[in-house]
Amino acid sequence: MNLLKPSSLVAVAVVVALTGCAQPGTSANAGSKAAASQPAQQVSRQALAKGLYELAYSPRQNAVFVASSGGFGADADGAKVLRLNPQTLAVEGEIALERKAFGVTLDDAAGRLYVGNTVDLSVTVVDIVGNRVVGVVQLEEKVQSKDKDGKDVARYARDLRELAVDPANKRLFLTGHGGENGSVLYVVNTETLKVDKVLPGLGNAKAPGFAFDAAGQRLFVTNLLGELITINTRTLEIAQRVKTDAEQPLNIAFDPASQRLFVTDQGADNIRNYQAKSIPGFASKHPGNRVAVFDAQTGKPLGSIATDAGPMGVLLDAPRQRLYVTNRAAGNVTVYDSRSQALLQTIPLPSHPNSLALDTQRNVLYVSVKNGEKDPKGSAESVARIAF
């Protein structure tokens, strides 16, 4: 999820990079010949609403669900979840939300979509069968703090990014971003819709990376200190903390078969500036613009896949051994062989491809695409459908 919000929210500068150049690398260059031999894909795209963020595909509902914040400012629309036809991307339904929508995670068997309300530090629970809101879970209340002018203001100590649901244990996991306040893990009971636990210790820096290993009962979290943190979801305790060479780890894809983690390492100047100001002794050592590969058991680096500028979303199709990456600044999606790490295809999707969802049965990829500075102000953002 890319959080494009008012400049007063630190997460804007931290979670997204709009500038930067693609970095050459052996993995991507090695795949250039292979890319030329790949069959052509069919790409369609629909402009839908302001402020599109994450999306999910539901096999049971045969529908794509995408979160719309409605945008910001005086001309903002109401927040909502859009239900899309998976073939045509036509809007088949809208579920109005009281709070702005960003990240999503789907429990398809239960017919529930959980929507992160980043700026309100809460999560909205949506019944996608009945197309209605079930409830809103407030994760923390506002606290008193000083603004830049020294005035007392009430604000949330953290903001949200990613979510993951554990249907077997009736839990929802969310990471709360906090710099000086520290990042935490919220654990929500999906039956009572109450917060069961707040686990601290995810670092005094933004912690954007998040992936759930249901079989291994683990959560993987990365932060802008370059740490890879493993949480035991049975005990709800931190099991391991490893310092990695990923300087700006953003999103994570987990491969259960090979026990590998694929982590986008963005390489953005605005994130680097944030790190320099907020992390004591920080010195930039890596240009990013890659996917870093780690051993999920030990955190040991296993490889580095060169990407185009601003890699953000990452999704693994394990059966087909395909790795999909949205390169936000470059305006494209790159496709890799997850075994050889060779580049197979580059698919243009300007302005800024953001989040990914996959229909594994039909081999169709869905991508939310954000507007850029050159797009008409206030115009609708889009979802792209890529059939392989």
# chains A, B, ... in the order shown; residues from 1 in each chain; ligands from 1
call {"tool": "residues_around", "arguments": {"residues": "stretch 352-364 of chain A", "least_positions_apart": "6", "cutoff": "10 Å", "atoms": "only C-alpha atoms", "output": "number ranges by chain"}}
result
A: 1-2, 16, 18, 41-43, 52-59, 62-66, 86-87, 103, 310-320, 324-333, 370-372, 381-388
call {"tool": "write_last_selection", "arguments": {"atoms": "C-alpha atoms", "output": "short mmCIF file (atom, residue, chain, number, x, y, z; two decimals), in the first residue's frame"}}
result
data_model
loop_
_atom_site.label_atom_id
_atom_site.label_comp_id
_atom_site.auth_asym_id
_atom_site.auth_seq_id
_atom_site.Cartn_x
_atom_site.Cartn_y
_atom_site.Cartn_z
CA MET A 1 0.00 0.00 0.00
CA ASN A 2 1.24 3.42 -0.87
CA VAL A 16 6.50 5.96 -0.98
CA LEU A 18 8.34 9.24 -6.41
CA GLN A 41 -0.10 -10.67 -22.16
CA GLN A 42 -3.50 -9.01 -22.45
CA VAL A 43 -3.79 -5.76 -20.50
CA LEU A 52 -7.33 3.70 -4.90
CA TYR A 53 -5.04 1.59 -2.76
CA GLU A 54 -4.96 -2.13 -2.05
CA LEU A 55 -7.11 -4.77 -3.67
CA ALA A 56 -8.05 -8.43 -3.26
CA TYR A 57 -9.49 -11.13 -5.52
CA SER A 58 -12.21 -13.40 -4.10
CA PRO A 59 -12.58 -16.80 -5.81
CA ASN A 62 -15.65 -14.17 -8.31
CA ALA A 63 -15.01 -10.50 -7.74
CA VAL A 64 -12.20 -8.03 -7.22
CA PHE A 65 -12.47 -5.70 -4.22
CA VAL A 66 -10.50 -2.46 -4.12
CA PRO A 86 -13.04 -9.68 -12.69
CA GLN A 87 -13.35 -9.86 -16.48
CA GLY A 103 -4.89 -1.59 3.08
CA GLY A 310 10.91 2.43 -6.91
CA PRO A 311 9.96 -1.22 -6.36
CA MET A 312 6.95 -1.42 -4.10
CA GLY A 313 4.40 -4.23 -4.27
CA VAL A 314 5.61 -7.82 -4.50
CA LEU A 315 3.53 -10.95 -5.04
CA LEU A 316 4.60 -14.57 -5.49
CA ASP A 317 2.70 -17.08 -7.62
CA ALA A 318 4.39 -20.13 -6.10
CA PRO A 319 2.86 -22.87 -8.33
CA ARG A 320 3.94 -21.04 -11.51
CA TYR A 324 5.50 -9.89 -9.67
CA VAL A 325 6.84 -6.45 -8.66
CA THR A 326 5.28 -3.02 -9.07
CA ASN A 327 7.93 -0.39 -9.81
CA ARG A 328 6.17 2.74 -8.71
CA ALA A 329 8.59 5.37 -9.95
CA ALA A 330 9.28 3.57 -13.24
CA GLY A 331 5.58 3.06 -13.94
CA ASN A 332 5.70 -0.65 -14.73
CA VAL A 333 5.28 -4.18 -13.45
CA LYS A 370 -2.02 5.67 -8.69
CA ASN A 371 -2.04 9.01 -10.48
CA GLY A 372 1.09 11.08 -10.90
CA GLU A 381 -7.32 6.32 -10.39
CA SER A 382 -7.43 2.95 -12.06
CA VAL A 383 -7.21 -0.83 -11.79
CA ALA A 384 -5.43 -2.84 -14.47
CA ARG A 385 -6.13 -6.45 -15.42
CA ILE A 386 -3.24 -8.47 -16.85
CA ALA A 387 -4.10 -11.90 -18.32
CA PHE A 388 -1.07 -14.11 -18.91
#
call {"tool": "select_by_dssp", "arguments": {"residues": "stretch 269-335 of chain A", "states": "strand (DSSP E or B)", "output": "PyMOL selection string"}}
result
chain A and resi 290-295+301-306+311-317+322-327+332-335
call {"tool": "write_last_selection", "arguments": {"atoms": "N, CA and C atoms", "output": "mmCIF file, in the first residue's frame"}}
result
data_model
loop_
_atom_site.group_PDB
_atom_site.id
_atom_site.type_symbol
_atom_site.label_atom_id
_atom_site.label_comp_id
_atom_site.auth_asym_id
_atom_site.auth_seq_id
_atom_site.Cartn_x
_atom_site.Cartn_y
_atom_site.Cartn_z
ATOM 1 N N ARG A 290 15.677 -2.802 -5.886
ATOM 2 C CA ARG A 290 15.904 -4.233 -5.998
ATOM 3 C C ARG A 290 14.894 -4.995 -5.157
ATOM 4 N N VAL A 291 14.873 -6.312 -5.340
ATOM 5 C CA VAL A 291 14.208 -7.225 -4.420
ATOM 6 C C VAL A 291 15.302 -8.007 -3.706
ATOM 7 N N ALA A 292 15.370 -7.877 -2.397
ATOM 8 C CA ALA A 292 16.334 -8.631 -1.603
ATOM 9 C C ALA A 292 15.713 -9.976 -1.229
ATOM 10 N N VAL A 293 16.502 -11.028 -1.305
ATOM 11 C CA VAL A 293 16.029 -12.381 -1.009
ATOM 12 C C VAL A 293 16.722 -12.882 0.256
ATOM 13 N N PHE A 294 15.911 -13.367 1.214
ATOM 14 C CA PHE A 294 16.457 -13.826 2.488
ATOM 15 C C PHE A 294 15.961 -15.225 2.828
ATOM 16 N N ASP A 295 16.756 -15.946 3.590
ATOM 17 C CA ASP A 295 16.338 -17.215 4.174
ATOM 18 C C ASP A 295 15.366 -16.892 5.309
ATOM 19 N N PRO A 301 21.093 -13.434 3.781
ATOM 20 C CA PRO A 301 20.828 -13.013 2.405
ATOM 21 C C PRO A 301 21.122 -14.123 1.411
ATOM 22 N N LEU A 302 20.192 -14.296 0.456
ATOM 23 C CA LEU A 302 20.327 -15.354 -0.541
ATOM 24 C C LEU A 302 20.448 -14.817 -1.959
ATOM 25 N N GLY A 303 20.197 -13.547 -2.149
ATOM 26 C CA GLY A 303 20.275 -12.994 -3.493
ATOM 27 C C GLY A 303 19.747 -11.585 -3.543
ATOM 28 N N SER A 304 19.883 -10.964 -4.720
ATOM 29 C CA SER A 304 19.417 -9.609 -4.943
ATOM 30 C C SER A 304 18.971 -9.505 -6.395
ATOM 31 N N ILE A 305 17.722 -9.117 -6.605
ATOM 32 C CA ILE A 305 17.143 -9.035 -7.943
ATOM 33 C C ILE A 305 16.994 -7.562 -8.310
ATOM 34 N N ALA A 306 17.694 -7.131 -9.335
ATOM 35 C CA ALA A 306 17.593 -5.735 -9.768
ATOM 36 C C ALA A 306 16.214 -5.464 -10.349
ATOM 37 N N PRO A 311 10.733 0.000 -6.567
ATOM 38 C CA PRO A 311 9.957 -1.223 -6.359
ATOM 39 C C PRO A 311 9.102 -1.120 -5.105
ATOM 40 N N MET A 312 7.874 -1.583 -5.211
ATOM 41 C CA MET A 312 6.951 -1.419 -4.103
ATOM 42 C C MET A 312 6.225 -2.714 -3.776
ATOM 43 N N GLY A 313 5.142 -3.005 -4.519
ATOM 44 C CA GLY A 313 4.400 -4.226 -4.269
ATOM 45 C C GLY A 313 5.141 -5.447 -4.779
ATOM 46 N N VAL A 314 4.993 -6.568 -4.072
ATOM 47 C CA VAL A 314 5.611 -7.818 -4.502
ATOM 48 C C VAL A 314 4.639 -8.951 -4.203
ATOM 49 N N LEU A 315 4.468 -9.834 -5.178
ATOM 50 C CA LEU A 315 3.529 -10.949 -5.039
ATOM 51 C C LEU A 315 4.129 -12.177 -5.694
ATOM 52 N N LEU A 316 4.049 -13.316 -4.992
ATOM 53 C CA LEU A 316 4.596 -14.573 -5.492
ATOM 54 C C LEU A 316 3.473 -15.507 -5.916
ATOM 55 N N ASP A 317 3.550 -15.996 -7.151
ATOM 56 C CA ASP A 317 2.698 -17.083 -7.618
ATOM 57 C C ASP A 317 3.553 -18.339 -7.523
ATOM 58 N N ARG A 322 6.436 -17.577 -10.369
ATOM 59 C CA ARG A 322 6.500 -16.226 -10.910
ATOM 60 C C ARG A 322 6.467 -15.220 -9.761
ATOM 61 N N LEU A 323 7.303 -14.204 -9.885
ATOM 62 C CA LEU A 323 7.353 -13.132 -8.896
ATOM 63 C C LEU A 323 6.994 -11.834 -9.603
ATOM 64 N N TYR A 324 5.978 -11.137 -9.075
ATOM 65 C CA TYR A 324 5.504 -9.888 -9.670
ATOM 66 C C TYR A 324 5.906 -8.717 -8.780
ATOM 67 N N VAL A 325 6.399 -7.640 -9.400
ATOM 68 C CA VAL A 325 6.841 -6.454 -8.659
ATOM 69 C C VAL A 325 6.286 -5.205 -9.334
ATOM 70 N N THR A 326 5.669 -4.326 -8.549
ATOM 71 C CA THR A 326 5.283 -3.016 -9.072
ATOM 72 C C THR A 326 6.439 -2.048 -8.834
ATOM 73 N N ASN A 327 6.869 -1.394 -9.906
ATOM 74 C CA ASN A 327 7.928 -0.389 -9.814
ATOM 75 C C ASN A 327 7.263 0.975 -9.923
ATOM 76 N N ASN A 332 5.887 0.644 -14.086
ATOM 77 C CA ASN A 332 5.702 -0.649 -14.733
ATOM 78 C C ASN A 332 5.626 -1.778 -13.719
ATOM 79 N N VAL A 333 5.263 -2.943 -14.231
ATOM 80 C CA VAL A 333 5.279 -4.182 -13.449
ATOM 81 C C VAL A 333 6.301 -5.103 -14.093
ATOM 82 N N THR A 334 7.204 -5.646 -13.281
ATOM 83 C CA THR A 334 8.180 -6.599 -13.796
ATOM 84 C C THR A 334 7.859 -7.997 -13.287
ATOM 85 N N VAL A 335 8.113 -8.988 -14.150
ATOM 86 C CA VAL A 335 7.806 -10.383 -13.851
ATOM 87 C C VAL A 335 9.112 -11.169 -13.886
#
call {"tool": "residues_around", "arguments": {"residues": "stretch 141-155 of chain A", "least_positions_apart": "3", "cutoff": "10 Å", "atoms": "only C-alpha atoms", "output": "PyMOL selection string"}}
result
chain A and resi 119-122+138+158
call {"tool": "write_last_selection", "arguments": {"atoms": "all heavy atoms", "output": "mmCIF file, in the first residue's frame"}}
result
data_model
loop_
_atom_site.group_PDB
_atom_site.id
_atom_site.type_symbol
_atom_site.label_atom_id
_atom_site.label_comp_id
_atom_site.auth_asym_id
_atom_site.auth_seq_id
_atom_site.Cartn_x
_atom_site.Cartn_y
_atom_site.Cartn_z
ATOM 1 N N VAL A 119 -5.457 6.627 8.580
ATOM 2 C CA VAL A 119 -5.403 7.914 9.267
ATOM 3 C C VAL A 119 -6.259 7.942 10.523
ATOM 4 O O VAL A 119 -6.190 8.887 11.307
ATOM 5 C CB VAL A 119 -5.820 9.062 8.324
ATOM 6 C CG1 VAL A 119 -4.851 9.171 7.165
ATOM 7 C CG2 VAL A 119 -7.242 8.855 7.803
ATOM 8 N N ASP A 120 -7.074 6.909 10.745
ATOM 9 C CA ASP A 120 -7.916 6.833 11.941
ATOM 10 C C ASP A 120 -7.491 5.717 12.888
ATOM 11 O O ASP A 120 -8.178 5.451 13.870
ATOM 12 C CB ASP A 120 -9.384 6.611 11.545
ATOM 13 C CG ASP A 120 -9.951 7.772 10.757
ATOM 14 O OD1 ASP A 120 -10.012 8.879 11.323
ATOM 15 O OD2 ASP A 120 -10.311 7.579 9.581
ATOM 16 N N LEU A 121 -6.381 5.053 12.592
ATOM 17 C CA LEU A 121 -5.846 3.970 13.420
ATOM 18 C C LEU A 121 -6.937 2.960 13.801
ATOM 19 O O LEU A 121 -7.141 2.640 14.961
ATOM 20 C CB LEU A 121 -5.167 4.528 14.675
ATOM 21 C CG LEU A 121 -4.192 3.569 15.379
ATOM 22 C CD1 LEU A 121 -3.083 3.116 14.447
ATOM 23 C CD2 LEU A 121 -3.595 4.223 16.612
ATOM 24 N N SER A 122 -7.630 2.477 12.787
ATOM 25 C CA SER A 122 -8.720 1.534 13.022
ATOM 26 C C SER A 122 -8.854 0.614 11.823
ATOM 27 O O SER A 122 -8.201 0.806 10.793
ATOM 28 C CB SER A 122 -10.035 2.279 13.258
ATOM 29 O OG SER A 122 -10.386 3.063 12.128
ATOM 30 N N GLN A 138 -11.444 0.137 16.786
ATOM 31 C CA GLN A 138 -10.492 1.201 17.092
ATOM 32 C C GLN A 138 -9.302 0.583 17.810
ATOM 33 O O GLN A 138 -9.456 -0.040 18.856
ATOM 34 C CB GLN A 138 -11.135 2.269 17.967
ATOM 35 C CG GLN A 138 -10.282 3.504 18.173
ATOM 36 C CD GLN A 138 -10.084 4.287 16.879
ATOM 37 O OE1 GLN A 138 -11.030 4.595 16.179
ATOM 38 N NE2 GLN A 138 -8.825 4.578 16.555
ATOM 39 N N ARG A 158 0.391 6.484 16.183
ATOM 40 C CA ARG A 158 0.859 5.623 15.095
ATOM 41 C C ARG A 158 -0.109 5.690 13.929
ATOM 42 O O ARG A 158 -1.196 6.254 14.024
ATOM 43 C CB ARG A 158 0.984 4.172 15.586
ATOM 44 C CG ARG A 158 1.974 3.994 16.731
ATOM 45 C CD ARG A 158 1.992 2.580 17.258
ATOM 46 N NE ARG A 158 2.976 2.453 18.322
ATOM 47 C CZ ARG A 158 2.721 2.710 19.604
ATOM 48 N NH1 ARG A 158 1.507 3.082 19.974
ATOM 49 N NH2 ARG A 158 3.675 2.602 20.510
#
call {"tool": "residues_around", "arguments": {"residues": "A:Gly299", "least_positions_apart": "5", "cutoff": "12 Å", "atoms": "only C-alpha atoms", "output": "number ranges by chain"}}
result
A: 220-222, 226-230, 240-246, 259-263, 292-294
call {"tool": "atom_distance", "arguments": {"atom1": "atom CA of A:Thr105", "atom2": "atom CA of A:Leu172"}}
result
9.2 Å
call {"tool": "residues_around", "arguments": {"residues": "A:Gly78", "least_positions_apart": "2", "cutoff": "10 Å", "atoms": "only C-alpha atoms", "output": "PyMOL selection string"}}
result
chain A and resi 49-50+68-72+75-76+80+96-101
call {"tool": "decode", "arguments": {"residues": "stretch 367-380 of chain A", "atoms": "all heavy atoms", "output": "mmCIF file, in the first residue's frame"}}
result
data_model
loop_
_atom_site.group_PDB
_atom_site.id
_atom_site.type_symbol
_atom_site.label_atom_id
_atom_site.label_comp_id
_atom_site.auth_asym_id
_atom_site.auth_seq_id
_atom_site.Cartn_x
_atom_site.Cartn_y
_atom_site.Cartn_z
ATOM 1 N N VAL A 367 -3.875 -4.942 -10.689
ATOM 2 C CA VAL A 367 -2.946 -3.936 -10.176
ATOM 3 C C VAL A 367 -3.679 -2.622 -9.975
ATOM 4 O O VAL A 367 -4.352 -2.132 -10.897
ATOM 5 C CB VAL A 367 -1.771 -3.706 -11.160
ATOM 6 C CG1 VAL A 367 -0.719 -2.804 -10.520
ATOM 7 C CG2 VAL A 367 -1.162 -5.026 -11.614
ATOM 8 N N SER A 368 -3.560 -2.041 -8.796
ATOM 9 C CA SER A 368 -4.068 -0.679 -8.612
ATOM 10 C C SER A 368 -2.997 0.289 -9.094
ATOM 11 O O SER A 368 -1.800 0.080 -8.882
ATOM 12 C CB SER A 368 -4.416 -0.407 -7.139
ATOM 13 O OG SER A 368 -3.281 -0.544 -6.304
ATOM 14 N N VAL A 369 -3.445 1.357 -9.773
ATOM 15 C CA VAL A 369 -2.509 2.308 -10.385
ATOM 16 C C VAL A 369 -2.835 3.711 -9.885
ATOM 17 O O VAL A 369 -3.930 4.236 -10.107
ATOM 18 C CB VAL A 369 -2.572 2.262 -11.925
ATOM 19 C CG1 VAL A 369 -1.500 3.169 -12.516
ATOM 20 C CG2 VAL A 369 -2.406 0.832 -12.435
ATOM 21 N N LYS A 370 -1.861 4.328 -9.222
ATOM 22 C CA LYS A 370 -2.019 5.675 -8.686
ATOM 23 C C LYS A 370 -1.729 6.719 -9.759
ATOM 24 O O LYS A 370 -0.979 6.482 -10.693
ATOM 25 C CB LYS A 370 -1.046 5.894 -7.520
ATOM 26 C CG LYS A 370 -1.126 4.863 -6.398
ATOM 27 C CD LYS A 370 -2.411 4.978 -5.631
ATOM 28 C CE LYS A 370 -2.509 6.312 -4.910
ATOM 29 N NZ LYS A 370 -3.825 6.476 -4.228
ATOM 30 N N ASN A 371 -2.335 7.881 -9.594
ATOM 31 C CA ASN A 371 -2.045 9.007 -10.484
ATOM 32 C C ASN A 371 -0.703 9.643 -10.136
ATOM 33 O O ASN A 371 -0.206 9.522 -9.008
ATOM 34 C CB ASN A 371 -3.138 10.063 -10.388
ATOM 35 C CG ASN A 371 -4.417 9.631 -11.077
ATOM 36 O OD1 ASN A 371 -4.413 8.697 -11.883
ATOM 37 N ND2 ASN A 371 -5.515 10.303 -10.770
ATOM 38 N N GLY A 372 -0.152 10.359 -11.104
ATOM 39 C CA GLY A 372 1.085 11.085 -10.896
ATOM 40 C C GLY A 372 0.863 12.580 -10.999
ATOM 41 O O GLY A 372 -0.264 13.058 -11.191
ATOM 42 N N GLU A 373 1.943 13.322 -10.897
ATOM 43 C CA GLU A 373 1.852 14.775 -10.913
ATOM 44 C C GLU A 373 1.323 15.307 -12.242
ATOM 45 O O GLU A 373 0.722 16.375 -12.288
ATOM 46 C CB GLU A 373 3.231 15.376 -10.626
ATOM 47 C CG GLU A 373 3.731 15.113 -9.208
ATOM 48 C CD GLU A 373 5.089 15.731 -8.960
ATOM 49 O OE1 GLU A 373 5.674 16.283 -9.915
ATOM 50 O OE2 GLU A 373 5.563 15.652 -7.817
ATOM 51 N N LYS A 374 1.538 14.584 -13.334
ATOM 52 C CA LYS A 374 1.109 15.050 -14.649
ATOM 53 C C LYS A 374 -0.331 14.661 -14.974
ATOM 54 O O LYS A 374 -0.879 15.117 -15.982
ATOM 55 C CB LYS A 374 2.059 14.509 -15.720
ATOM 56 C CG LYS A 374 3.484 15.040 -15.592
ATOM 57 C CD LYS A 374 4.371 14.505 -16.702
ATOM 58 C CE LYS A 374 5.784 15.041 -16.569
ATOM 59 N NZ LYS A 374 6.678 14.525 -17.646
ATOM 60 N N ASP A 375 -0.929 13.822 -14.157
ATOM 61 C CA ASP A 375 -2.324 13.447 -14.388
ATOM 62 C C ASP A 375 -3.241 14.573 -13.920
ATOM 63 O O ASP A 375 -2.884 15.338 -13.007
ATOM 64 C CB ASP A 375 -2.655 12.154 -13.644
ATOM 65 C CG ASP A 375 -1.902 10.960 -14.204
ATOM 66 O OD1 ASP A 375 -2.014 10.718 -15.412
ATOM 67 O OD2 ASP A 375 -1.197 10.278 -13.436
ATOM 68 N N PRO A 376 -4.420 14.703 -14.503
ATOM 69 C CA PRO A 376 -5.354 15.760 -14.091
ATOM 70 C C PRO A 376 -5.664 15.690 -12.594
ATOM 71 O O PRO A 376 -5.964 14.618 -12.068
ATOM 72 C CB PRO A 376 -6.600 15.480 -14.934
ATOM 73 C CG PRO A 376 -6.091 14.745 -16.130
ATOM 74 C CD PRO A 376 -4.952 13.911 -15.628
ATOM 75 N N LYS A 377 -5.585 16.820 -11.937
ATOM 76 C CA LYS A 377 -5.838 16.859 -10.505
ATOM 77 C C LYS A 377 -7.263 16.426 -10.194
ATOM 78 O O LYS A 377 -8.215 16.876 -10.824
ATOM 79 C CB LYS A 377 -5.605 18.279 -9.973
ATOM 80 C CG LYS A 377 -5.734 18.390 -8.463
ATOM 81 C CD LYS A 377 -5.432 19.793 -7.979
ATOM 82 C CE LYS A 377 -5.568 19.892 -6.459
ATOM 83 N NZ LYS A 377 -5.281 21.265 -5.970
ATOM 84 N N GLY A 378 -7.390 15.526 -9.230
ATOM 85 C CA GLY A 378 -8.704 15.068 -8.823
ATOM 86 C C GLY A 378 -9.309 13.997 -9.715
ATOM 87 O O GLY A 378 -10.462 13.610 -9.525
ATOM 88 N N SER A 379 -8.552 13.513 -10.691
ATOM 89 C CA SER A 379 -9.091 12.498 -11.597
ATOM 90 C C SER A 379 -9.088 11.128 -10.935
ATOM 91 O O SER A 379 -8.347 10.870 -9.986
ATOM 92 C CB SER A 379 -8.282 12.457 -12.891
ATOM 93 O OG SER A 379 -6.932 12.132 -12.629
ATOM 94 N N ALA A 380 -9.927 10.244 -11.462
ATOM 95 C CA ALA A 380 -10.047 8.898 -10.906
ATOM 96 C C ALA A 380 -8.790 8.093 -11.170
ATOM 97 O O ALA A 380 -8.133 8.237 -12.213
ATOM 98 C CB ALA A 380 -11.265 8.196 -11.509
#
